[in-house]
$ cat my_file.txt   # compact mmCIF, C-alpha atoms and all ligand atoms
# COMPACT_ATOMS: atom_id res chain seq x y z
CA MET A 564 13.66 20.52 -3.79
CA LYS A 565 12.57 18.14 -6.54
CA ILE A 566 13.21 14.42 -6.06
CA LEU A 567 12.80 11.89 -8.86
CA GLY A 568 11.62 8.58 -7.39
CA ILE A 569 11.95 5.14 -8.97
CA GLU A 570 10.02 2.05 -7.79
CA SER A 571 10.30 -1.48 -9.19
CA SER A 572 10.26 -3.82 -6.16
CA CYS A 573 7.43 -6.15 -7.32
CA ASP A 574 5.48 -6.08 -10.60
CA GLU A 575 5.07 -2.31 -11.00
CA THR A 576 7.46 0.05 -12.80
CA SER A 577 6.92 3.58 -11.56
CA VAL A 578 8.61 6.98 -11.76
CA ALA A 579 7.44 10.16 -9.99
CA ILE A 580 8.75 13.65 -9.29
CA VAL A 581 7.83 15.15 -5.90
CA GLU A 582 8.58 18.68 -4.75
CA ASP A 583 9.45 19.41 -1.11
CA GLY A 584 8.22 16.07 0.18
CA LYS A 585 4.57 16.55 -0.72
CA LYS A 586 3.71 18.09 -4.09
CA LEU A 587 3.40 15.37 -6.72
CA LEU A 588 4.41 16.91 -10.06
CA THR A 589 4.33 13.80 -12.22
CA HIS A 590 3.51 10.16 -11.62
CA VAL A 591 3.65 7.24 -14.07
CA VAL A 592 2.99 3.57 -13.24
CA ALA A 593 3.16 0.56 -15.58
CA SER A 594 2.12 -2.85 -14.28
CA SER A 595 2.50 -6.40 -15.51
CA ALA A 596 -0.15 -7.69 -13.04
CA GLU A 597 -2.52 -8.71 -15.88
CA MET A 598 0.16 -10.98 -17.34
CA HIS A 599 0.58 -12.82 -14.05
CA ARG A 600 -3.11 -13.63 -13.68
CA LYS A 601 -2.96 -16.69 -15.86
CA TYR A 602 -0.12 -18.12 -13.73
CA GLY A 603 -2.06 -17.56 -10.48
CA GLY A 604 0.74 -15.45 -8.98
CA ILE A 605 3.66 -13.18 -9.79
CA VAL A 606 6.37 -14.87 -11.84
CA PRO A 607 9.57 -12.99 -10.86
CA GLU A 608 11.35 -13.62 -14.15
CA VAL A 609 8.35 -12.35 -16.17
CA ALA A 610 7.98 -9.29 -13.90
CA ALA A 611 11.67 -8.33 -14.25
CA ARG A 612 11.70 -8.77 -18.04
CA LYS A 613 8.65 -6.52 -18.35
CA GLN A 614 10.28 -3.93 -16.08
CA VAL A 615 13.37 -3.83 -18.31
CA GLU A 616 11.00 -3.16 -21.21
CA TYR A 617 8.85 -0.55 -19.40
CA MET A 618 11.52 1.44 -17.54
CA ILE A 619 12.65 3.78 -20.33
CA PRO A 620 9.12 4.58 -21.63
CA VAL A 621 7.94 5.23 -18.06
CA LEU A 622 10.94 7.43 -17.30
CA THR A 623 10.54 9.31 -20.61
CA GLU A 624 6.87 9.98 -19.93
CA ALA A 625 7.55 11.13 -16.35
CA MET A 626 10.30 13.50 -17.52
CA GLU A 627 8.05 15.22 -20.09
CA GLY A 628 8.26 18.94 -19.39
CA PHE A 629 11.29 18.50 -17.10
CA THR A 630 15.03 18.42 -17.74
CA LYS A 631 17.81 16.92 -15.63
CA ASP A 632 18.52 20.40 -14.28
CA ASP A 633 15.10 20.43 -12.59
CA ILE A 634 15.97 17.33 -10.57
CA ASP A 635 17.93 17.76 -7.33
CA MET A 636 18.17 14.13 -6.24
CA ILE A 637 17.20 10.62 -7.23
CA ALA A 638 15.42 8.24 -4.82
CA VAL A 639 15.14 4.53 -5.48
CA THR A 640 13.66 1.50 -3.74
CA ILE A 641 16.57 -0.79 -2.87
CA GLY A 642 14.41 -3.41 -1.04
CA PRO A 643 12.70 -5.44 0.21
CA GLY A 644 11.43 -7.06 -2.97
CA LEU A 645 12.23 -9.37 -5.87
CA ILE A 646 15.91 -9.27 -6.83
CA GLY A 647 15.41 -9.12 -10.61
CA SER A 648 12.79 -6.38 -10.26
CA LEU A 649 14.80 -4.32 -7.77
CA LEU A 650 17.88 -4.49 -9.99
CA VAL A 651 16.01 -2.79 -12.84
CA GLY A 652 15.14 0.27 -10.71
CA VAL A 653 18.43 0.40 -8.82
CA GLU A 654 20.62 0.16 -11.93
CA THR A 655 18.49 2.76 -13.73
CA ALA A 656 18.84 5.12 -10.75
CA LYS A 657 22.61 4.59 -10.59
CA THR A 658 23.00 5.24 -14.31
CA LEU A 659 21.01 8.48 -14.06
CA ALA A 660 22.95 9.57 -10.96
CA MET A 661 26.26 8.97 -12.70
CA ALA A 662 25.24 10.57 -16.00
CA TRP A 663 23.49 13.60 -14.41
CA GLY A 664 25.91 13.98 -11.51
CA LYS A 665 23.13 13.75 -8.88
CA PRO A 666 23.11 12.12 -5.44
CA ILE A 667 20.98 9.02 -4.80
CA ILE A 668 18.83 8.36 -1.72
CA PRO A 669 18.30 4.61 -1.12
CA VAL A 670 14.73 3.90 0.09
CA ASN A 671 13.19 1.02 2.05
CA HIS A 672 9.92 0.29 0.23
CA VAL A 673 7.89 -0.78 3.28
CA ARG A 674 9.02 2.08 5.51
CA ALA A 675 8.17 4.47 2.64
CA HIS A 676 4.51 3.38 2.25
CA PRO A 677 3.13 5.72 5.00
CA TYR A 678 4.58 8.74 3.19
CA ALA A 679 1.78 8.32 0.63
CA ALA A 680 -0.33 10.17 3.21
CA PHE A 681 1.86 13.28 2.77
CA ILE A 682 1.16 13.62 -0.95
CA THR A 683 -0.75 16.56 -2.35
CA GLU A 684 -1.42 16.57 -6.07
CA ASP A 685 -0.44 19.32 -8.45
CA TYR A 686 -3.67 20.84 -9.71
CA SER A 687 -1.85 23.65 -11.52
CA SER A 688 -2.17 22.19 -15.03
CA SER A 689 -5.64 21.80 -16.55
CA GLU A 690 -4.63 18.39 -17.88
CA GLY A 691 -3.67 17.25 -14.37
CA ALA A 692 -6.95 18.54 -12.93
CA ALA A 693 -8.98 16.80 -15.65
CA ARG A 694 -7.18 13.51 -15.03
CA LEU A 695 -7.74 13.70 -11.29
CA ASN A 696 -11.43 14.53 -11.81
CA ARG A 697 -11.78 11.50 -14.08
CA GLU A 698 -10.20 9.24 -11.48
CA ALA A 699 -12.35 10.77 -8.74
CA SER A 700 -15.57 9.99 -10.60
CA LEU A 701 -14.41 6.42 -11.24
CA ASN A 702 -13.68 5.88 -7.60
CA ASN A 703 -16.27 8.05 -6.00
CA LYS A 704 -16.49 6.72 -2.46
CA SER A 705 -12.80 6.44 -1.70
CA SER A 706 -11.94 9.75 -3.32
CA ARG A 707 -14.46 11.50 -1.11
CA LEU A 708 -12.92 9.98 1.99
CA ALA A 709 -9.43 10.93 0.87
CA THR A 710 -10.52 14.49 0.21
CA ALA A 711 -12.32 14.74 3.53
CA ARG A 712 -9.10 13.80 5.28
CA SER A 713 -6.87 16.63 4.19
CA ASN A 714 -3.12 16.02 4.47
CA ASN A 715 -2.56 19.42 5.99
CA ASN A 716 -3.70 18.37 9.45
CA LEU A 717 -1.37 15.37 9.75
CA GLY A 718 0.03 16.01 13.22
CA PHE A 719 2.69 14.08 15.09
CA PRO A 720 3.29 11.76 16.80
CA ALA A 721 1.51 9.26 14.55
CA ILE A 722 0.87 5.54 14.24
CA ALA A 723 1.37 4.16 10.74
CA LEU A 724 -0.09 0.83 9.65
CA VAL A 725 1.38 -0.63 6.45
CA VAL A 726 -0.83 -3.37 5.00
CA SER A 727 0.25 -4.83 1.69
CA GLY A 728 0.65 -8.13 -0.13
CA GLY A 729 3.90 -8.93 1.66
CA HIS A 730 3.70 -6.88 4.87
CA THR A 731 1.50 -5.99 7.83
CA GLU A 732 3.57 -3.65 10.01
CA LEU A 733 2.94 -1.04 12.68
CA PHE A 734 5.26 1.96 12.99
CA PHE A 735 5.49 4.83 15.46
CA MET A 736 6.37 8.19 13.90
CA LYS A 737 7.60 10.74 16.44
CA ASP A 738 7.83 13.23 13.59
CA ALA A 739 7.97 13.12 9.80
CA SER A 740 11.63 12.07 9.78
CA SER A 741 11.45 9.29 12.33
CA ILE A 742 9.79 5.93 11.82
CA GLU A 743 10.21 3.24 14.47
CA TRP A 744 8.99 -0.32 13.90
CA LEU A 745 6.67 -1.62 16.63
CA GLY A 746 5.62 -5.01 15.33
CA GLY A 747 4.27 -6.92 12.39
CA THR A 748 2.88 -10.18 11.16
CA LEU A 749 4.33 -13.39 12.53
CA ASP A 750 3.31 -15.31 9.40
CA ASP A 751 1.14 -14.23 6.43
CA ALA A 752 0.47 -10.58 5.59
CA ALA A 753 -3.13 -9.29 5.44
CA GLY A 754 -2.92 -8.87 1.64
CA GLU A 755 -1.49 -12.38 1.31
CA CYS A 756 -4.49 -13.70 3.29
CA PHE A 757 -6.88 -11.82 0.95
CA ASP A 758 -5.00 -13.16 -2.10
CA LYS A 759 -4.70 -16.79 -0.95
CA CYS A 760 -8.35 -16.97 0.14
CA ALA A 761 -9.43 -15.34 -3.14
CA ARG A 762 -7.68 -18.11 -5.07
CA LEU A 763 -9.35 -20.68 -2.85
CA LEU A 764 -12.77 -19.17 -3.57
CA GLY A 765 -12.03 -19.32 -7.30
CA PHE A 766 -10.97 -15.72 -7.94
CA GLU A 767 -7.85 -14.71 -9.83
CA ASN A 768 -4.51 -13.46 -8.57
CA ARG A 769 -4.31 -10.19 -6.52
CA GLY A 770 -7.56 -11.16 -4.94
CA GLY A 771 -8.10 -8.34 -2.41
CA PRO A 772 -10.31 -6.35 -4.80
CA ALA A 773 -12.14 -9.57 -5.83
CA ILE A 774 -12.94 -10.44 -2.19
CA ALA A 775 -14.07 -6.86 -1.58
CA ALA A 776 -16.40 -6.99 -4.61
CA ALA A 777 -17.87 -10.36 -3.56
CA ALA A 778 -18.35 -9.06 0.01
CA ASP A 779 -20.21 -6.04 -1.39
CA ASN A 780 -22.58 -8.41 -3.18
CA PHE A 781 -23.41 -10.29 0.01
CA GLN A 782 -27.02 -9.76 1.01
CA PRO A 783 -27.63 -10.73 4.66
CA SER A 784 -31.38 -10.63 4.00
CA LYS A 785 -31.07 -13.73 1.79
CA SER A 786 -30.35 -15.55 5.09
CA ILE A 787 -27.32 -17.54 4.00
CA SER A 788 -25.79 -18.66 7.27
CA TYR A 789 -22.03 -18.67 7.75
CA THR A 790 -19.65 -19.48 10.59
CA ARG A 791 -17.87 -16.63 12.32
CA LEU A 792 -14.17 -16.76 11.43
CA PRO A 793 -11.47 -16.22 14.10
CA ARG A 794 -9.93 -12.79 14.80
CA PRO A 795 -6.35 -13.99 15.49
CA LEU A 796 -3.91 -12.59 18.07
CA MET A 797 -6.26 -9.87 19.33
CA ASP A 798 -4.47 -9.62 22.70
CA ASP A 799 -1.00 -8.93 21.31
CA PRO A 800 -0.58 -5.14 21.00
CA PHE A 801 1.67 -4.86 17.95
CA ASN A 802 1.90 -8.28 16.22
CA PHE A 803 -0.46 -9.95 13.76
CA SER A 804 -1.11 -13.47 12.48
CA PHE A 805 -3.22 -14.29 9.44
CA SER A 806 -2.25 -17.84 8.47
CA GLY A 807 -4.84 -19.39 10.84
CA LEU A 808 -7.56 -17.31 9.22
CA LYS A 809 -6.62 -18.70 5.82
CA THR A 810 -6.85 -22.26 7.24
CA ALA A 811 -10.25 -21.45 8.78
CA VAL A 812 -11.51 -20.27 5.37
CA LEU A 813 -10.26 -23.52 3.81
CA ARG A 814 -12.11 -25.49 6.50
CA GLU A 815 -15.34 -23.56 5.88
CA TRP A 816 -14.94 -24.01 2.12
CA LYS A 817 -14.61 -27.78 2.50
CA LYS A 818 -17.62 -27.90 4.85
CA LEU A 819 -19.88 -26.12 2.36
CA ALA A 820 -22.22 -28.47 0.55
CA ASN A 821 -22.82 -25.89 -2.21
CA HIS A 822 -20.34 -23.45 -3.64
CA THR A 823 -23.00 -21.09 -4.97
CA GLU A 824 -22.32 -17.43 -5.60
CA SER A 825 -24.30 -16.55 -2.45
CA HIS A 826 -22.16 -18.88 -0.32
CA ILE A 827 -18.95 -17.47 -1.81
CA ASN A 828 -20.17 -13.91 -1.19
CA ALA A 829 -21.01 -14.78 2.44
CA LEU A 830 -17.56 -16.26 3.04
CA ALA A 831 -15.87 -13.28 1.35
CA PHE A 832 -17.95 -10.92 3.52
CA GLU A 833 -16.98 -12.65 6.76
CA LEU A 834 -13.31 -12.85 5.72
CA GLN A 835 -13.22 -9.12 4.99
CA GLU A 836 -14.92 -8.44 8.34
CA ALA A 837 -12.38 -10.62 10.20
CA ILE A 838 -9.30 -9.04 8.54
CA THR A 839 -10.56 -5.48 8.93
CA ASP A 840 -11.64 -6.06 12.57
CA VAL A 841 -8.09 -7.18 13.43
CA LEU A 842 -6.40 -4.33 11.55
CA VAL A 843 -8.64 -1.62 12.98
CA LYS A 844 -8.61 -2.87 16.57
CA LYS A 845 -4.83 -3.20 16.73
CA THR A 846 -4.15 0.11 15.01
CA LEU A 847 -6.47 2.02 17.35
CA HIS A 848 -5.02 0.19 20.35
CA ALA A 849 -1.46 1.10 19.27
CA ALA A 850 -2.57 4.71 18.77
CA ASN A 851 -3.97 4.74 22.33
CA ILE A 852 -0.85 3.18 23.87
CA LYS A 853 1.41 5.65 22.08
CA ASN A 854 -0.90 8.59 22.69
CA VAL A 855 -0.64 9.87 19.13
CA ARG A 856 -2.41 12.67 17.23
CA SER A 857 -2.72 10.94 13.85
CA ILE A 858 -3.19 7.52 12.30
CA ILE A 859 -1.90 6.67 8.82
CA VAL A 860 -3.13 3.56 7.02
CA SER A 861 -1.19 2.73 3.85
CA GLY A 862 -0.23 -0.12 1.49
CA GLY A 863 -2.35 -1.97 -1.09
CA VAL A 864 -4.90 -3.27 1.43
CA ALA A 865 -5.57 0.33 2.55
CA ALA A 866 -7.43 0.66 -0.77
CA ASN A 867 -10.10 -1.57 0.81
CA GLN A 868 -13.25 0.48 1.24
CA ARG A 869 -14.54 -1.49 4.24
CA LEU A 870 -11.22 -0.96 6.09
CA ARG A 871 -11.36 2.76 5.34
CA GLU A 872 -14.97 3.04 6.54
CA LYS A 873 -14.42 0.93 9.65
CA CYS A 874 -11.43 3.00 10.79
CA MET A 875 -13.39 6.21 10.41
CA GLN A 876 -16.52 4.75 12.01
CA LYS A 877 -14.69 3.52 15.15
CA ILE A 878 -12.86 6.81 15.60
CA THR A 879 -16.10 8.79 15.27
CA GLU A 880 -18.24 6.43 17.39
CA ARG A 881 -15.76 6.41 20.24
CA LYS A 882 -14.90 10.10 19.83
CA LEU A 883 -11.20 9.22 19.68
CA PRO A 884 -8.77 12.14 19.44
CA PHE A 885 -6.99 10.90 16.29
CA SER A 886 -7.08 12.34 12.80
CA LEU A 887 -7.16 9.59 10.18
CA HIS A 888 -5.06 9.72 7.00
CA ILE A 889 -5.61 7.13 4.30
CA PRO A 890 -4.12 7.95 0.89
CA THR A 891 -6.21 7.91 -2.27
CA PRO A 892 -6.21 4.26 -3.49
CA ARG A 893 -3.78 4.95 -6.35
CA TYR A 894 -1.13 5.91 -3.77
CA CYS A 895 -1.94 2.92 -1.53
CA VAL A 896 -0.66 0.40 -4.09
CA ASP A 897 2.96 0.35 -5.23
CA SER A 898 4.10 3.65 -6.69
CA ALA A 899 7.18 5.87 -6.92
CA SER A 900 5.19 8.80 -5.48
CA TYR A 901 5.90 7.94 -1.85
CA ILE A 902 9.42 6.68 -2.59
CA ALA A 903 10.32 10.27 -3.54
CA THR A 904 8.23 11.70 -0.67
CA SER A 905 9.90 9.51 1.94
CA ALA A 906 13.36 10.36 0.57
CA PHE A 907 12.73 14.04 1.29
CA TYR A 908 12.31 13.27 5.01
CA HIS A 909 15.14 10.71 5.18
CA ASN A 910 17.52 12.73 3.15
CA GLN A 911 20.72 10.72 3.44
CA PRO A 912 22.22 10.81 -0.05
CA ALA A 913 24.82 8.26 -1.01
CA HIS A 914 27.26 7.90 -3.88
CA TRP A 915 25.87 5.67 -6.63
CA LYS A 916 28.81 3.25 -6.18
CA THR A 917 27.59 2.34 -2.69
CA ILE A 918 23.97 1.50 -3.63
CA SER A 919 22.84 -2.07 -4.28
CA ALA A 920 19.56 -3.97 -4.57
CA THR A 921 18.80 -5.67 -1.22
CA PRO A 922 15.88 -8.15 -1.56
CA ASN A 923 15.76 -9.02 2.16
CA LEU A 924 16.14 -5.50 3.50
CA SER A 925 14.70 -5.48 7.03
CA VAL A 926 11.69 -3.30 7.82
CA GLU A 927 12.93 -2.86 11.40
O1 LIG A 1001 1.26 -2.42 -1.64
P1 LIG A 1001 0.89 -3.34 -2.74
O2 LIG A 1001 0.47 -2.74 -4.07
O3 LIG A 1001 2.06 -4.34 -3.09
C1 LIG A 1001 2.87 -4.92 -2.13
O4 LIG A 1001 3.87 -4.25 -1.74
O5 LIG A 1001 2.50 -6.04 -1.74
O6 LIG A 1001 -0.27 -4.30 -2.17
C2 LIG A 1001 -0.85 -5.31 -2.90
C3 LIG A 1001 -1.87 -6.02 -2.02
C4 LIG A 1001 -2.43 -7.29 -2.65
O7 LIG A 1001 -2.40 -8.31 -1.68
C5 LIG A 1001 -3.85 -6.91 -3.02
O8 LIG A 1001 -4.76 -8.00 -3.02
C6 LIG A 1001 -4.17 -5.94 -1.90
O9 LIG A 1001 -3.00 -5.17 -1.76
N1 LIG A 1001 -5.30 -5.07 -2.26
C7 LIG A 1001 -6.50 -5.10 -1.62
C8 LIG A 1001 -7.33 -4.17 -2.28
N2 LIG A 1001 -6.61 -3.60 -3.29
C9 LIG A 1001 -5.36 -4.16 -3.26
N3 LIG A 1001 -6.92 -5.83 -0.57
C10 LIG A 1001 -8.19 -5.65 -0.15
N4 LIG A 1001 -9.04 -4.80 -0.74
C11 LIG A 1001 -8.68 -4.03 -1.79
N5 LIG A 1001 -9.54 -3.19 -2.35
ZN ZN A 1002 4.12 -2.11 -1.39

$ encode --input "my_file.txt" --output "structure tokens" --more "lines below"
Ligand code: KG4
Ligand code: ZN
Amino acid sequence: MKILGIESSCDETSVAIVEDGKKLLTHVVASSAEMHRKYGGIVPEVAARKQVEYMIPVLTEAMEGFTKDDIDMIAVTIGPGLIGSLLVGVETAKTLAMAWGKPIIPVNHVRAHPYAAFITEDYSSSEGAARLNREASLNNKSSRLATARSNNNLGFPAIALVVSGGHTELFFMKDASSIEWLGGTLDDAAGECFDKCARLLGFENRGGPAIAAAADNFQPSKSISYTRLPRPLMDDPFNFSFSGLKTAVLREWKKLANHTESHINALAFELQEAITDVLVKKTLHAANIKNVRSIIVSGGVAANQRLREKCMQKITERKLPFSLHIPTPRYCVDSASYIATSAFYHNQPAHWKTISATPNLSVE
């Protein structure tokens, strides 16, 4: 079964076709993130206008080599997200469903993130293989990890952590078709903490990658001293809190006499350590409590190399009986690939007349 997925919940416009819930046949993403940099955050009106502009070119490119007869169903993110942005994807999906006479599967964006771990890429075309090789050499470390963790051994039950700009959630998956919410952040999301602290340290919007790069440049040997930041809510099994960490970074920033590159790198390093310590400890703890076979880490923050390494390191060091599944970074960030994948496992088609954009759709 081939499902065409459409994603437009934030500032990305993406279309993908996935076969049988795993084989990614085509995948196109256009982003307006660069445009938002100068405003220091996403401007919803700007994002939605760009999505109106990008949707048809993205759809046309994704459909190259396919016809409507190849598509069995359409899956679309209906929420949570920005209303203007969601409307672009939802109305496009409804129009296609009506014109092509296909059913639609409405998808919850946050609950779909873990399905990125199910994706296998289609290596059948030489062009596809060349593209994937190019991406692999650009992103050597993370690609190796993703390859080492083959999707084929994803056993259930599983714990799925979703860490993105708007969400930090833990789910229990009894099997591929069931996803039960266990807990989440009580205030800021992990990605939000990365982004807000990045702005504070003078980096641009979408600051997770900027913090990670600064942390990589930190050289402990240069003996810059820094205060240990808090690891909030460590005793709560399934809930998180990151707003106190942001305040602690602000306090440290104000205390610093010099804002040199070395001081900024040291603070970025400690922030990344604090966030990843919390995420790894709680995820492993939840996996123990629920006695699972696999752990999935997904969402934009799962692209963080230190988080990926730390998860693997703890599992290996403690000889824990979990297999770890972290998607390749391009499927961690927002994409239609896992919208279509998730729809295969939650195959509840609806008539296009009943589908509507739902910005506050609950993740529970
Ligand atoms: O899932 P996503 O693309 O969009 C949302 O649904 O929010 O996640 C975006 C978030 C941003 O907060 C971004 O800073 C963070 O993921 N992020 C990272 C990294 N790459 C993206 N955070 C830490 N390290 C990274 N390498
Ligand atoms: Zn997301």

$ closest_atom_pairs --input "my_file.txt" --of "chain A" --to "ligand ZN 1002 (chain A)" --cutoff "8 Å" --atoms "all atoms listed in the file" --output "JSON lines"
{"residue": "A:Ser572", "atom": "CA", "partner": "A:ZN1002", "partner_atom": "ZN", "distance": 8.0}
{"residue": "A:Cys573", "atom": "CA", "partner": "A:ZN1002", "partner_atom": "ZN", "distance": 7.9}
{"residue": "A:His672", "atom": "CA", "partner": "A:ZN1002", "partner_atom": "ZN", "distance": 6.5}
{"residue": "A:Val673", "atom": "CA", "partner": "A:ZN1002", "partner_atom": "ZN", "distance": 6.1}
{"residue": "A:His676", "atom": "CA", "partner": "A:ZN1002", "partner_atom": "ZN", "distance": 6.6}
{"residue": "A:Ser727", "atom": "CA", "partner": "A:ZN1002", "partner_atom": "ZN", "distance": 5.6}
{"residue": "A:Gly728", "atom": "CA", "partner": "A:ZN1002", "partner_atom": "ZN", "distance": 7.1}
{"residue": "A:Gly729", "atom": "CA", "partner": "A:ZN1002", "partner_atom": "ZN", "distance": 7.5}
{"residue": "A:His730", "atom": "CA", "partner": "A:ZN1002", "partner_atom": "ZN", "distance": 7.9}
{"residue": "A:Gly862", "atom": "CA", "partner": "A:ZN1002", "partner_atom": "ZN", "distance": 5.6}
{"residue": "A:Gly863", "atom": "CA", "partner": "A:ZN1002", "partner_atom": "ZN", "distance": 6.5}
{"residue": "A:Cys895", "atom": "CA", "partner": "A:ZN1002", "partner_atom": "ZN", "distance": 7.9}
{"residue": "A:Val896", "atom": "CA", "partner": "A:ZN1002", "partner_atom": "ZN", "distance": 6.0}
{"residue": "A:Asp897", "atom": "CA", "partner": "A:ZN1002", "partner_atom": "ZN", "distance": 4.7}
{"residue": "A:Ser898", "atom": "CA", "partner": "A:ZN1002", "partner_atom": "ZN", "distance": 7.8}

$ write_last_selection --input "my_file.txt" --atoms "C-alpha atoms" --output "short mmCIF file (atom, residue, chain, number, x, y, z; two decimals), in the frame of the given file"
data_model
loop_
_atom_site.label_atom_id
_atom_site.label_comp_id
_atom_site.auth_asym_id
_atom_site.auth_seq_id
_atom_site.Cartn_x
_atom_site.Cartn_y
_atom_site.Cartn_z
CA SER A 572 10.26 -3.82 -6.16
CA CYS A 573 7.43 -6.15 -7.32
CA HIS A 672 9.92 0.29 0.23
CA VAL A 673 7.89 -0.78 3.28
CA HIS A 676 4.51 3.38 2.25
CA SER A 727 0.25 -4.83 1.69
CA GLY A 728 0.65 -8.13 -0.13
CA GLY A 729 3.90 -8.93 1.66
CA HIS A 730 3.70 -6.88 4.87
CA GLY A 862 -0.23 -0.12 1.49
CA GLY A 863 -2.35 -1.97 -1.09
CA CYS A 895 -1.94 2.92 -1.53
CA VAL A 896 -0.66 0.40 -4.09
CA ASP A 897 2.96 0.35 -5.23
CA SER A 898 4.10 3.65 -6.69
#

$ residues_near_ligand --input "my_file.txt" --ligand "ligand LIG 1001 (chain A)" --cutoff "10 Å" --atoms "only C-alpha atoms and all ligand atoms" --output "JSON, numbers by chain"
{"A": [572, 573, 574, 575, 643, 644, 672, 673, 676, 725, 726, 727, 728, 729, 730, 731, 752, 753, 754, 755, 756, 757, 758, 759, 761, 768, 769, 770, 771, 772, 773, 774, 775, 776, 835, 838, 839, 861, 862, 863, 864, 865, 866, 867, 868, 869, 870, 871, 892, 893, 894, 895, 896, 897, 898]}

$ write_last_selection --input "my_file.txt" --atoms "C-alpha atoms" --output "PDB file, in the coordinates of the input"
ATOM      1  CA  SER A 572      10.260  -3.820  -6.160  1.00  0.00           C
ATOM      2  CA  CYS A 573       7.430  -6.150  -7.320  1.00  0.00           C
ATOM      3  CA  ASP A 574       5.480  -6.080 -10.600  1.00  0.00           C
ATOM      4  CA  GLU A 575       5.070  -2.310 -11.000  1.00  0.00           C
ATOM      5  CA  PRO A 643      12.700  -5.440   0.210  1.00  0.00           C
ATOM      6  CA  GLY A 644      11.430  -7.060  -2.970  1.00  0.00           C
ATOM      7  CA  HIS A 672       9.920   0.290   0.230  1.00  0.00           C
ATOM      8  CA  VAL A 673       7.890  -0.780   3.280  1.00  0.00           C
ATOM      9  CA  HIS A 676       4.510   3.380   2.250  1.00  0.00           C
ATOM     10  CA  VAL A 725       1.380  -0.630   6.450  1.00  0.00           C
ATOM     11  CA  VAL A 726      -0.830  -3.370   5.000  1.00  0.00           C
ATOM     12  CA  SER A 727       0.250  -4.830   1.690  1.00  0.00           C
ATOM     13  CA  GLY A 728       0.650  -8.130  -0.130  1.00  0.00           C
ATOM     14  CA  GLY A 729       3.900  -8.930   1.660  1.00  0.00           C
ATOM     15  CA  HIS A 730       3.700  -6.880   4.870  1.00  0.00           C
ATOM     16  CA  THR A 731       1.500  -5.990   7.830  1.00  0.00           C
ATOM     17  CA  ALA A 752       0.470 -10.580   5.590  1.00  0.00           C
ATOM     18  CA  ALA A 753      -3.130  -9.290   5.440  1.00  0.00           C
ATOM     19  CA  GLY A 754      -2.920  -8.870   1.640  1.00  0.00           C
ATOM     20  CA  GLU A 755      -1.490 -12.380   1.310  1.00  0.00           C
ATOM     21  CA  CYS A 756      -4.490 -13.700   3.290  1.00  0.00           C
ATOM     22  CA  PHE A 757      -6.880 -11.820   0.950  1.00  0.00           C
ATOM     23  CA  ASP A 758      -5.000 -13.160  -2.100  1.00  0.00           C
ATOM     24  CA  LYS A 759      -4.700 -16.790  -0.950  1.00  0.00           C
ATOM     25  CA  ALA A 761      -9.430 -15.340  -3.140  1.00  0.00           C
ATOM     26  CA  ASN A 768      -4.510 -13.460  -8.570  1.00  0.00           C
ATOM     27  CA  ARG A 769      -4.310 -10.190  -6.520  1.00  0.00           C
ATOM     28  CA  GLY A 770      -7.560 -11.160  -4.940  1.00  0.00           C
ATOM     29  CA  GLY A 771      -8.100  -8.340  -2.410  1.00  0.00           C
ATOM     30  CA  PRO A 772     -10.310  -6.350  -4.800  1.00  0.00           C
ATOM     31  CA  ALA A 773     -12.140  -9.570  -5.830  1.00  0.00           C
ATOM     32  CA  ILE A 774     -12.940 -10.440  -2.190  1.00  0.00           C
ATOM     33  CA  ALA A 775     -14.070  -6.860  -1.580  1.00  0.00           C
ATOM     34  CA  ALA A 776     -16.400  -6.990  -4.610  1.00  0.00           C
ATOM     35  CA  GLN A 835     -13.220  -9.120   4.990  1.00  0.00           C
ATOM     36  CA  ILE A 838      -9.300  -9.040   8.540  1.00  0.00           C
ATOM     37  CA  THR A 839     -10.560  -5.480   8.930  1.00  0.00           C
ATOM     38  CA  SER A 861      -1.190   2.730   3.850  1.00  0.00           C
ATOM     39  CA  GLY A 862      -0.230  -0.120   1.490  1.00  0.00           C
ATOM     40  CA  GLY A 863      -2.350  -1.970  -1.090  1.00  0.00           C
ATOM     41  CA  VAL A 864      -4.900  -3.270   1.430  1.00  0.00           C
ATOM     42  CA  ALA A 865      -5.570   0.330   2.550  1.00  0.00           C
ATOM     43  CA  ALA A 866      -7.430   0.660  -0.770  1.00  0.00           C
ATOM     44  CA  ASN A 867     -10.100  -1.570   0.810  1.00  0.00           C
ATOM     45  CA  GLN A 868     -13.250   0.480   1.240  1.00  0.00           C
ATOM     46  CA  ARG A 869     -14.540  -1.490   4.240  1.00  0.00           C
ATOM     47  CA  LEU A 870     -11.220  -0.960   6.090  1.00  0.00           C
ATOM     48  CA  ARG A 871     -11.360   2.760   5.340  1.00  0.00           C
ATOM     49  CA  PRO A 892      -6.210   4.260  -3.490  1.00  0.00           C
ATOM     50  CA  ARG A 893      -3.780   4.950  -6.350  1.00  0.00           C
ATOM     51  CA  TYR A 894      -1.130   5.910  -3.770  1.00  0.00           C
ATOM     52  CA  CYS A 895      -1.940   2.920  -1.530  1.00  0.00           C
ATOM     53  CA  VAL A 896      -0.660   0.400  -4.090  1.00  0.00           C
ATOM     54  CA  ASP A 897       2.960   0.350  -5.230  1.00  0.00           C
ATOM     55  CA  SER A 898       4.100   3.650  -6.690  1.00  0.00           C
TER      56      SER A 898
END

$ axis_aligned_box --input "my_file.txt" --around "stretch 757-771 of chain A" --padding-each-side "5 Å" --output "AutoDock Vina command-line options"
--center_x -8.5 --center_y -14.5 --center_z -4.4 --size_x 18.5 --size_y 22.3 --size_z 20.8

$ atom_distance --input "my_file.txt" --atom1 "atom CA of A:Thr589" --atom2 "atom CA of A:Met618"
15.3 Å
